[in-house]
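Okay, so here's the structure we're looking at.
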Amino acid sequence: MAMHLLAVHRDEVRAEQTTSNSLSLAYSVGVLCWLLSAGVYIAAKWVSPEMPPWALCFWRVLIAWAILMPMVRRHFADMVALLKKRALELIVIGGMGLAICQGMIFVGLEHADATTAGIIIALIPIITMILARFVLAEPMGRWQVIGSALAFVGIVVIIVKGSPAALMRLDFNPGELWIIAGAFCFSLYTVLLRRAKFDIDRLSLLVLLLGAAVITALPLYLIELASDDRTTLNSSGLLALAYVAIPGGALMYYLFNRSIETLGASRAGVLLYIQTIFIAILAYLILGEQLQFYHLEGAALIVAGLLLIVLRKPTAKGETTAAEA
C-alpha cells in the first residue's frame, strides 16, 4: 500500500513538473513571438526612406501566407467550405486586421519614430475593450472608463510631445496619427473576429485571413507602385522584407498561434505589452532613438490606465468589482 501511494505521489510530481515545463515553454514562445514582432517596427522604420509602406505590407503578407499554407493542407476541405459560406466576412476582417492596419503603421513609421509607435500600440487592448463594449455588449465598469481616459491622456501627451501649446495649435505629427488609426483598425479586427466565431482550426483561419490581406493590399500596392519612385529591390529593402515576412511574419504568426493554444487568448495577449519594451530597446540599439521625457510621462499614464482596467474588472453589471465589494 505504501509503495502504491509513493508511486502515485511520484506520478503527481511528474505531472506537475510537466505542466510547469509546458507553461514555461509556452511563455518563452510568447515572449519570442513579441520580440520578433518588435523587430518588424525596427525594420520598417529603418527601410522607410527606400521602400514604400504598401509594398512592404503586400509582400509581407504574401510571403507569410505562402510559407504557412502547406502547414494546413490537412484542413483544405474545411477552409474551402468556410470560404464558400463566409468569403466576404473573411476578406473584410482579414483585410482590415492584417493589411490595412499594417499598412497604416508602416505609413506612420515614415514620419514617427519606432519608440513612439511601440507605446501607441500598447493602446490596442484598451481600444479593443471600448469597441467590445459597443459591438459585443461586453461589460465595462467605471474603473475601465477611468483607465481608458488616463490612457487617452497619455497618448495625447506623447502626440503633442508634452507641450500644451502644440495641442492648442493642433500641431500633430501625422505619422503618429496614422499609427493610432492602425491600432484602431487592429482593435476592430479583434472584436469582429471574436464576434464572427469562425468554426475552424486556428492556424487554418490565420492562413485564410492572410489570403484576405493579400487581396486587400494588392490594389494599394499597385497604386503605390505607379506613383512612388522609391525602389523595393535594393539590398536594404530586400533584407528588411526578408525579416518582416519570415521571422517577423510567418514564424511570428505561428508562434503566437502556439502560445494561444497553450496559454489561452487572455494570458497570451497580455504579453503584447512586452513588445513595447522590446521596441524601445531595439530602437535605441539599432536606430539610435532616445527615450524622451514625454515618452515616460505618456507611458506612465497608459500603464496606470491599464492597471485600473486589468485589476478592477467589471462584473456582469459592469459597475462594481469583487475588490470593491
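Residue numbering restarts at 1 in every chain; chains get A, B, ... in the order shown in the C-alpha cells, and ligands count up from 1 in that same order.
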- Message: I'd like the neighbourhood of Leu131 (chain A) as a PyMOL selection string, where a residue qualifies if any of its atoms comes within 10 Å (using only C-alpha atoms), though same-chain residues fewer than 2 positions away should be ignored.
- Response: chain A and resi 125-129+133-138+184+187-188+190-192
For the selection you just gave me, I'd like the residues written to a file as a compact mmCIF listing (two decimals), in the first residue's frame, keeping all heavy atoms.
```txt
# COMPACT_ATOMS: atom_id res chain seq x y z
N PRO A 125 -5.21 46.89 -26.55
CA PRO A 125 -6.19 46.22 -25.65
C PRO A 125 -7.25 47.17 -25.11
O PRO A 125 -8.39 46.77 -24.90
CB PRO A 125 -5.30 45.66 -24.53
CG PRO A 125 -3.94 45.54 -25.13
CD PRO A 125 -3.83 46.69 -26.08
N ILE A 126 -6.87 48.43 -24.86
CA ILE A 126 -7.84 49.40 -24.34
C ILE A 126 -8.87 49.74 -25.41
O ILE A 126 -10.08 49.76 -25.14
CB ILE A 126 -7.12 50.67 -23.86
CG1 ILE A 126 -6.19 50.33 -22.69
CG2 ILE A 126 -8.12 51.74 -23.44
CD1 ILE A 126 -5.35 51.48 -22.20
N ILE A 127 -8.40 50.01 -26.62
CA ILE A 127 -9.33 50.32 -27.72
C ILE A 127 -10.24 49.12 -27.97
O ILE A 127 -11.44 49.26 -28.19
CB ILE A 127 -8.58 50.69 -29.00
CG1 ILE A 127 -7.68 51.91 -28.76
CG2 ILE A 127 -9.55 50.99 -30.14
CD1 ILE A 127 -6.77 52.24 -29.93
N THR A 128 -9.65 47.92 -27.90
CA THR A 128 -10.44 46.70 -28.11
C THR A 128 -11.55 46.59 -27.07
O THR A 128 -12.70 46.25 -27.39
CB THR A 128 -9.52 45.46 -28.03
OG1 THR A 128 -8.50 45.57 -29.02
CG2 THR A 128 -10.32 44.18 -28.26
N MET A 129 -11.22 46.87 -25.80
CA MET A 129 -12.20 46.80 -24.73
C MET A 129 -13.36 47.77 -24.98
O MET A 129 -14.53 47.43 -24.80
CB MET A 129 -11.55 47.11 -23.40
CG MET A 129 -12.48 47.08 -22.21
SD MET A 129 -11.74 47.84 -20.77
CE MET A 129 -11.60 49.56 -21.31
N ARG A 133 -17.32 46.85 -25.94
CA ARG A 133 -18.48 47.34 -25.17
C ARG A 133 -19.63 47.69 -26.11
O ARG A 133 -20.80 47.40 -25.82
CB ARG A 133 -18.07 48.57 -24.35
CG ARG A 133 -19.24 49.23 -23.61
CD ARG A 133 -19.74 48.31 -22.51
NE ARG A 133 -20.92 48.86 -21.84
CZ ARG A 133 -22.18 48.65 -22.22
NH1 ARG A 133 -22.42 47.89 -23.28
NH2 ARG A 133 -23.18 49.17 -21.54
N PHE A 134 -19.32 48.31 -27.24
CA PHE A 134 -20.37 48.77 -28.16
C PHE A 134 -20.77 47.71 -29.17
O PHE A 134 -21.94 47.60 -29.54
CB PHE A 134 -19.91 50.04 -28.89
CG PHE A 134 -19.74 51.23 -27.99
CD1 PHE A 134 -18.49 51.62 -27.56
CD2 PHE A 134 -20.85 51.94 -27.55
CE1 PHE A 134 -18.33 52.71 -26.71
CE2 PHE A 134 -20.71 53.03 -26.70
CZ PHE A 134 -19.45 53.42 -26.29
N VAL A 135 -19.80 46.89 -29.62
CA VAL A 135 -20.10 45.90 -30.66
C VAL A 135 -20.61 44.59 -30.06
O VAL A 135 -21.54 43.98 -30.59
CB VAL A 135 -18.85 45.65 -31.53
CG1 VAL A 135 -19.14 44.57 -32.58
CG2 VAL A 135 -18.39 46.93 -32.20
N LEU A 136 -20.00 44.16 -28.95
CA LEU A 136 -20.34 42.87 -28.36
C LEU A 136 -21.12 42.99 -27.06
O LEU A 136 -21.45 41.97 -26.45
CB LEU A 136 -19.05 42.07 -28.10
CG LEU A 136 -18.14 41.84 -29.31
CD1 LEU A 136 -16.89 41.10 -28.88
CD2 LEU A 136 -18.86 41.08 -30.40
N ALA A 137 -21.38 44.23 -26.62
CA ALA A 137 -22.09 44.49 -25.37
C ALA A 137 -21.37 43.86 -24.17
O ALA A 137 -22.01 43.42 -23.21
CB ALA A 137 -23.52 43.97 -25.45
N GLU A 138 -20.05 43.83 -24.20
CA GLU A 138 -19.29 43.32 -23.07
C GLU A 138 -19.27 44.36 -21.96
O GLU A 138 -19.26 45.56 -22.23
CB GLU A 138 -17.87 42.95 -23.50
CG GLU A 138 -17.83 41.76 -24.44
CD GLU A 138 -16.41 41.30 -24.72
OE1 GLU A 138 -15.46 41.94 -24.22
OE2 GLU A 138 -16.26 40.31 -25.45
N PHE A 184 -6.40 51.34 -34.05
CA PHE A 184 -7.86 51.25 -34.04
C PHE A 184 -8.32 50.13 -34.98
O PHE A 184 -9.21 49.34 -34.62
CB PHE A 184 -8.47 52.58 -34.47
CG PHE A 184 -9.97 52.57 -34.55
CD1 PHE A 184 -10.74 52.81 -33.42
CD2 PHE A 184 -10.62 52.29 -35.75
CE1 PHE A 184 -12.13 52.78 -33.49
CE2 PHE A 184 -12.00 52.25 -35.83
CZ PHE A 184 -12.75 52.50 -34.69
N SER A 187 -7.73 46.77 -33.41
CA SER A 187 -8.69 46.52 -32.33
C SER A 187 -10.06 46.14 -32.90
O SER A 187 -10.71 45.21 -32.41
CB SER A 187 -8.83 47.77 -31.46
OG SER A 187 -7.62 48.08 -30.82
N LEU A 188 -10.48 46.83 -33.94
CA LEU A 188 -11.75 46.50 -34.58
C LEU A 188 -11.69 45.10 -35.19
O LEU A 188 -12.66 44.33 -35.10
CB LEU A 188 -12.09 47.54 -35.65
CG LEU A 188 -13.44 47.39 -36.35
CD1 LEU A 188 -14.58 47.40 -35.34
CD2 LEU A 188 -13.64 48.49 -37.39
N THR A 190 -9.92 42.63 -34.07
CA THR A 190 -10.00 41.69 -32.95
C THR A 190 -11.45 41.47 -32.50
O THR A 190 -11.89 40.34 -32.27
CB THR A 190 -9.17 42.21 -31.77
OG1 THR A 190 -7.81 42.39 -32.19
CG2 THR A 190 -9.21 41.24 -30.60
N VAL A 191 -12.19 42.56 -32.40
CA VAL A 191 -13.59 42.48 -31.96
C VAL A 191 -14.45 41.76 -33.01
O VAL A 191 -15.26 40.89 -32.67
CB VAL A 191 -14.14 43.89 -31.67
CG1 VAL A 191 -15.65 43.84 -31.42
CG2 VAL A 191 -13.43 44.49 -30.47
N LEU A 192 -14.27 42.11 -34.27
CA LEU A 192 -15.06 41.47 -35.33
C LEU A 192 -14.72 39.99 -35.44
O LEU A 192 -15.61 39.17 -35.70
CB LEU A 192 -14.81 42.18 -36.66
CG LEU A 192 -15.32 43.61 -36.77
CD1 LEU A 192 -14.97 44.21 -38.13
CD2 LEU A 192 -16.83 43.67 -36.55
```
- Which polymer residues have any atom within 10 Å of an atom of region 204-209 of chain A, counting only C-alpha atoms, with same-chain residues fewer than 4 positions away left out, as a VMD selection string? chain A and resid 61 64 to 76 78 to 80 82 to 83 87 89 to 99 198 to 200 213 to 215 250 253 to 254 257
- Query: Using only C-alpha atoms, which residues sit within 8 Å of region 271-279 of chain A once same-chain residues fewer than 5 positions away are excluded, as a list of chain:residue names?
  - Reply: A:Gly30, A:Val31, A:Trp34, A:Leu35, A:Ser37, A:Ala38, A:Gly39, A:Tyr41, A:Ile42, A:Ala114, A:Thr115, A:Gly118, A:Ile119, A:Ile121, A:Ala122
- Item | Residues within 8 Å of Ala55 (chain A), only C-alpha atoms, excluding chain neighbours under 2 positions, as a list in words |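 These residues fall inside the cut-off: Met51, Pro52, Pro53, Cys57, Phe58, Trp59, Tyr221, Glu224, Leu225 and Thr232 of chain A.
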- Using the chain letters and numbers from this document, which residues of region 113-294 of chain A does DSSP assign to helix (DSSP H, G or I), as a VMD selection string? chain A and resid 114 to 121 124 to 135 142 to 159 164 to 168 174 to 196 202 to 227 235 to 263 265 to 270 272 to 287 293 to 294
Quick one: residues within 12 Å of region 293-307 of chain A, only C-alpha atoms, excluding same-chain residues fewer than 5 positions away - as a PDB file with N, CA and C atoms, in the first residue's frame?
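Result file around.pdb:
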```
ATOM      1  N   ASP A 113       8.835  58.073 -34.912  1.00  0.00           N
ATOM      2  CA  ASP A 113       9.887  57.144 -34.503  1.00  0.00           C
ATOM      3  C   ASP A 113       9.278  55.839 -33.989  1.00  0.00           C
ATOM      4  N   ALA A 114      10.104  54.787 -34.023  1.00  0.00           N
ATOM      5  CA  ALA A 114       9.613  53.459 -33.642  1.00  0.00           C
ATOM      6  C   ALA A 114       9.251  53.392 -32.164  1.00  0.00           C
ATOM      7  N   THR A 115       9.968  54.129 -31.317  1.00  0.00           N
ATOM      8  CA  THR A 115       9.675  54.124 -29.883  1.00  0.00           C
ATOM      9  C   THR A 115       8.259  54.611 -29.611  1.00  0.00           C
ATOM     10  N   THR A 116       7.899  55.738 -30.247  1.00  0.00           N
ATOM     11  CA  THR A 116       6.547  56.269 -30.083  1.00  0.00           C
ATOM     12  C   THR A 116       5.507  55.277 -30.600  1.00  0.00           C
ATOM     13  N   ALA A 117       5.799  54.659 -31.742  1.00  0.00           N
ATOM     14  CA  ALA A 117       4.868  53.675 -32.309  1.00  0.00           C
ATOM     15  C   ALA A 117       4.629  52.533 -31.329  1.00  0.00           C
ATOM     16  N   GLY A 118       5.699  52.066 -30.675  1.00  0.00           N
ATOM     17  CA  GLY A 118       5.554  50.968 -29.721  1.00  0.00           C
ATOM     18  C   GLY A 118       4.668  51.323 -28.542  1.00  0.00           C
ATOM     19  N   ILE A 119       4.781  52.565 -28.068  1.00  0.00           N
ATOM     20  CA  ILE A 119       3.944  52.987 -26.939  1.00  0.00           C
ATOM     21  C   ILE A 119       2.488  53.111 -27.384  1.00  0.00           C
ATOM     22  N   ILE A 120       2.264  53.658 -28.567  1.00  0.00           N
ATOM     23  CA  ILE A 120       0.890  53.808 -29.068  1.00  0.00           C
ATOM     24  C   ILE A 120       0.233  52.441 -29.250  1.00  0.00           C
ATOM     25  N   ILE A 121       0.993  51.471 -29.760  1.00  0.00           N
ATOM     26  CA  ILE A 121       0.440  50.139 -29.997  1.00  0.00           C
ATOM     27  C   ILE A 121      -0.020  49.489 -28.694  1.00  0.00           C
ATOM     28  N   ALA A 122       0.566  49.905 -27.554  1.00  0.00           N
ATOM     29  CA  ALA A 122       0.135  49.357 -26.266  1.00  0.00           C
ATOM     30  C   ALA A 122      -1.313  49.722 -25.961  1.00  0.00           C
ATOM     31  N   LEU A 123      -1.881  50.663 -26.724  1.00  0.00           N
ATOM     32  CA  LEU A 123      -3.286  51.047 -26.540  1.00  0.00           C
ATOM     33  C   LEU A 123      -4.263  50.020 -27.092  1.00  0.00           C
ATOM     34  N   ILE A 124      -3.789  49.096 -27.910  1.00  0.00           N
ATOM     35  CA  ILE A 124      -4.700  48.182 -28.613  1.00  0.00           C
ATOM     36  C   ILE A 124      -5.673  47.465 -27.661  1.00  0.00           C
ATOM     37  N   PRO A 125      -5.210  46.892 -26.546  1.00  0.00           N
ATOM     38  CA  PRO A 125      -6.186  46.223 -25.653  1.00  0.00           C
ATOM     39  C   PRO A 125      -7.247  47.171 -25.107  1.00  0.00           C
ATOM     40  N   ILE A 126      -6.868  48.432 -24.856  1.00  0.00           N
ATOM     41  CA  ILE A 126      -7.839  49.396 -24.340  1.00  0.00           C
ATOM     42  C   ILE A 126      -8.867  49.742 -25.406  1.00  0.00           C
ATOM     43  N   ILE A 127      -8.402  50.008 -26.620  1.00  0.00           N
ATOM     44  CA  ILE A 127      -9.329  50.315 -27.716  1.00  0.00           C
ATOM     45  C   ILE A 127     -10.237  49.116 -27.965  1.00  0.00           C
ATOM     46  N   MET A 129     -11.218  46.873 -25.803  1.00  0.00           N
ATOM     47  CA  MET A 129     -12.205  46.796 -24.734  1.00  0.00           C
ATOM     48  C   MET A 129     -13.360  47.773 -24.978  1.00  0.00           C
ATOM     49  N   ARG A 142     -16.968  51.567 -14.283  1.00  0.00           N
ATOM     50  CA  ARG A 142     -16.453  52.935 -14.185  1.00  0.00           C
ATOM     51  C   ARG A 142     -14.934  52.970 -14.115  1.00  0.00           C
ATOM     52  N   TRP A 143     -14.311  51.937 -13.500  1.00  0.00           N
ATOM     53  CA  TRP A 143     -12.858  51.927 -13.437  1.00  0.00           C
ATOM     54  C   TRP A 143     -12.253  51.721 -14.807  1.00  0.00           C
ATOM     55  N   GLN A 144     -12.937  50.960 -15.669  1.00  0.00           N
ATOM     56  CA  GLN A 144     -12.462  50.796 -17.036  1.00  0.00           C
ATOM     57  C   GLN A 144     -12.573  52.111 -17.810  1.00  0.00           C
ATOM     58  N   VAL A 145     -13.633  52.867 -17.543  1.00  0.00           N
ATOM     59  CA  VAL A 145     -13.788  54.173 -18.182  1.00  0.00           C
ATOM     60  C   VAL A 145     -12.672  55.118 -17.735  1.00  0.00           C
ATOM     61  N   ILE A 146     -12.394  55.130 -16.424  1.00  0.00           N
ATOM     62  CA  ILE A 146     -11.333  55.994 -15.901  1.00  0.00           C
ATOM     63  C   ILE A 146      -9.977  55.571 -16.459  1.00  0.00           C
ATOM     64  N   GLY A 147      -9.730  54.263 -16.489  1.00  0.00           N
ATOM     65  CA  GLY A 147      -8.470  53.766 -17.034  1.00  0.00           C
ATOM     66  C   GLY A 147      -8.298  54.124 -18.504  1.00  0.00           C
ATOM     67  N   SER A 148      -9.377  54.012 -19.263  1.00  0.00           N
ATOM     68  CA  SER A 148      -9.322  54.364 -20.676  1.00  0.00           C
ATOM     69  C   SER A 148      -9.039  55.856 -20.865  1.00  0.00           C
ATOM     70  N   ALA A 149      -9.656  56.684 -20.002  1.00  0.00           N
ATOM     71  CA  ALA A 149      -9.428  58.129 -20.083  1.00  0.00           C
ATOM     72  C   ALA A 149      -7.970  58.462 -19.765  1.00  0.00           C
ATOM     73  N   LEU A 150      -7.398  57.811 -18.748  1.00  0.00           N
ATOM     74  CA  LEU A 150      -5.992  58.032 -18.408  1.00  0.00           C
ATOM     75  C   LEU A 150      -5.079  57.661 -19.575  1.00  0.00           C
ATOM     76  N   ALA A 151      -5.358  56.505 -20.180  1.00  0.00           N
ATOM     77  CA  ALA A 151      -4.542  56.061 -21.310  1.00  0.00           C
ATOM     78  C   ALA A 151      -4.656  57.033 -22.485  1.00  0.00           C
ATOM     79  N   PHE A 152      -5.865  57.548 -22.716  1.00  0.00           N
ATOM     80  CA  PHE A 152      -6.066  58.514 -23.796  1.00  0.00           C
ATOM     81  C   PHE A 152      -5.239  59.779 -23.544  1.00  0.00           C
ATOM     82  N   VAL A 153      -5.241  60.246 -22.292  1.00  0.00           N
ATOM     83  CA  VAL A 153      -4.438  61.425 -21.945  1.00  0.00           C
ATOM     84  C   VAL A 153      -2.956  61.132 -22.184  1.00  0.00           C
ATOM     85  N   GLY A 154      -2.535  59.907 -21.861  1.00  0.00           N
ATOM     86  CA  GLY A 154      -1.150  59.518 -22.091  1.00  0.00           C
ATOM     87  C   GLY A 154      -0.758  59.599 -23.553  1.00  0.00           C
ATOM     88  N   ILE A 155      -1.648  59.163 -24.425  1.00  0.00           N
ATOM     89  CA  ILE A 155      -1.365  59.237 -25.862  1.00  0.00           C
ATOM     90  C   ILE A 155      -1.308  60.693 -26.320  1.00  0.00           C
ATOM     91  N   VAL A 156      -2.215  61.533 -25.810  1.00  0.00           N
ATOM     92  CA  VAL A 156      -2.197  62.959 -26.161  1.00  0.00           C
ATOM     93  C   VAL A 156      -0.863  63.584 -25.755  1.00  0.00           C
ATOM     94  N   VAL A 157      -0.380  63.233 -24.552  1.00  0.00           N
ATOM     95  CA  VAL A 157       0.911  63.762 -24.087  1.00  0.00           C
ATOM     96  C   VAL A 157       2.027  63.400 -25.052  1.00  0.00           C
ATOM     97  N   ILE A 158       1.998  62.159 -25.549  1.00  0.00           N
ATOM     98  CA  ILE A 158       3.038  61.714 -26.482  1.00  0.00           C
ATOM     99  C   ILE A 158       2.915  62.429 -27.825  1.00  0.00           C
ATOM    100  N   ILE A 159       1.684  62.557 -28.315  1.00  0.00           N
ATOM    101  CA  ILE A 159       1.480  63.165 -29.631  1.00  0.00           C
ATOM    102  C   ILE A 159       1.907  64.630 -29.643  1.00  0.00           C
ATOM    103  N   VAL A 160       1.619  65.358 -28.558  1.00  0.00           N
ATOM    104  CA  VAL A 160       1.987  66.784 -28.507  1.00  0.00           C
ATOM    105  C   VAL A 160       3.369  66.961 -27.884  1.00  0.00           C
ATOM    106  N   LYS A 161       4.049  65.821 -27.611  1.00  0.00           N
ATOM    107  CA  LYS A 161       5.407  65.850 -27.054  1.00  0.00           C
ATOM    108  C   LYS A 161       5.477  66.647 -25.755  1.00  0.00           C
ATOM    109  N   GLY A 162       4.426  66.516 -24.955  1.00  0.00           N
ATOM    110  CA  GLY A 162       4.400  67.155 -23.653  1.00  0.00           C
ATOM    111  C   GLY A 162       4.187  68.654 -23.675  1.00  0.00           C
ATOM    112  N   SER A 163       3.823  69.206 -24.841  1.00  0.00           N
ATOM    113  CA  SER A 163       3.666  70.656 -24.962  1.00  0.00           C
ATOM    114  C   SER A 163       2.192  71.025 -25.121  1.00  0.00           C
ATOM    115  N   PRO A 164       1.579  71.644 -24.115  1.00  0.00           N
ATOM    116  CA  PRO A 164       0.181  72.092 -24.249  1.00  0.00           C
ATOM    117  C   PRO A 164      -0.001  73.067 -25.407  1.00  0.00           C
ATOM    118  N   VAL A 270      -1.740  39.294 -22.979  1.00  0.00           N
ATOM    119  CA  VAL A 270      -1.090  40.192 -22.024  1.00  0.00           C
ATOM    120  C   VAL A 270       0.382  40.408 -22.392  1.00  0.00           C
ATOM    121  N   TYR A 273       2.292  43.622 -24.147  1.00  0.00           N
ATOM    122  CA  TYR A 273       2.934  44.794 -23.546  1.00  0.00           C
ATOM    123  C   TYR A 273       4.452  44.678 -23.548  1.00  0.00           C
ATOM    124  N   THR A 276       6.288  46.563 -26.451  1.00  0.00           N
ATOM    125  CA  THR A 276       6.636  47.979 -26.309  1.00  0.00           C
ATOM    126  C   THR A 276       8.048  48.139 -25.750  1.00  0.00           C
ATOM    127  N   ILE A 277       8.390  47.307 -24.753  1.00  0.00           N
ATOM    128  CA  ILE A 277       9.736  47.361 -24.168  1.00  0.00           C
ATOM    129  C   ILE A 277      10.776  46.933 -25.189  1.00  0.00           C
ATOM    130  N   ALA A 280      11.405  49.716 -27.749  1.00  0.00           N
ATOM    131  CA  ALA A 280      12.218  50.812 -27.214  1.00  0.00           C
ATOM    132  C   ALA A 280      13.698  50.419 -27.143  1.00  0.00           C
ATOM    133  N   ARG A 312      -9.273  46.085 -11.913  1.00  0.00           N
ATOM    134  CA  ARG A 312     -10.648  46.410 -11.500  1.00  0.00           C
ATOM    135  C   ARG A 312     -11.640  45.910 -12.545  1.00  0.00           C
ATOM    136  N   LYS A 313     -11.672  44.610 -12.731  1.00  0.00           N
ATOM    137  CA  LYS A 313     -12.536  44.045 -13.761  1.00  0.00           C
ATOM    138  C   LYS A 313     -14.002  44.219 -13.391  1.00  0.00           C
TER     139      LYS A 313
END
```
- Pairwise distance for CA of Ala26 (chain A) and CA of Leu251 (chain A), rounded to one decimal in Å: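 Atom-to-atom, CA of Ala26 (chain A) and CA of Leu251 (chain A) are spaced 14.8 Å apart.
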- Which residues, written as a ChimeraX atom specification, have at least one atom at most 9 Å from Leu109 (chain A), with only C-alpha atoms counted and residues fewer than 2 positions away on the same chain left out? /A:41,44-45,48,53,104-107,111-114,117,175-176,178-179
- Item | Of the listed residues A:Asp201, A:Glu261, A:Glu289, A:Asp228, that which approaches Trp54 (chain A) most closely, counting only C-alpha atoms |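 For Trp54 (chain A), the nearest of the given residues is A:Asp228.
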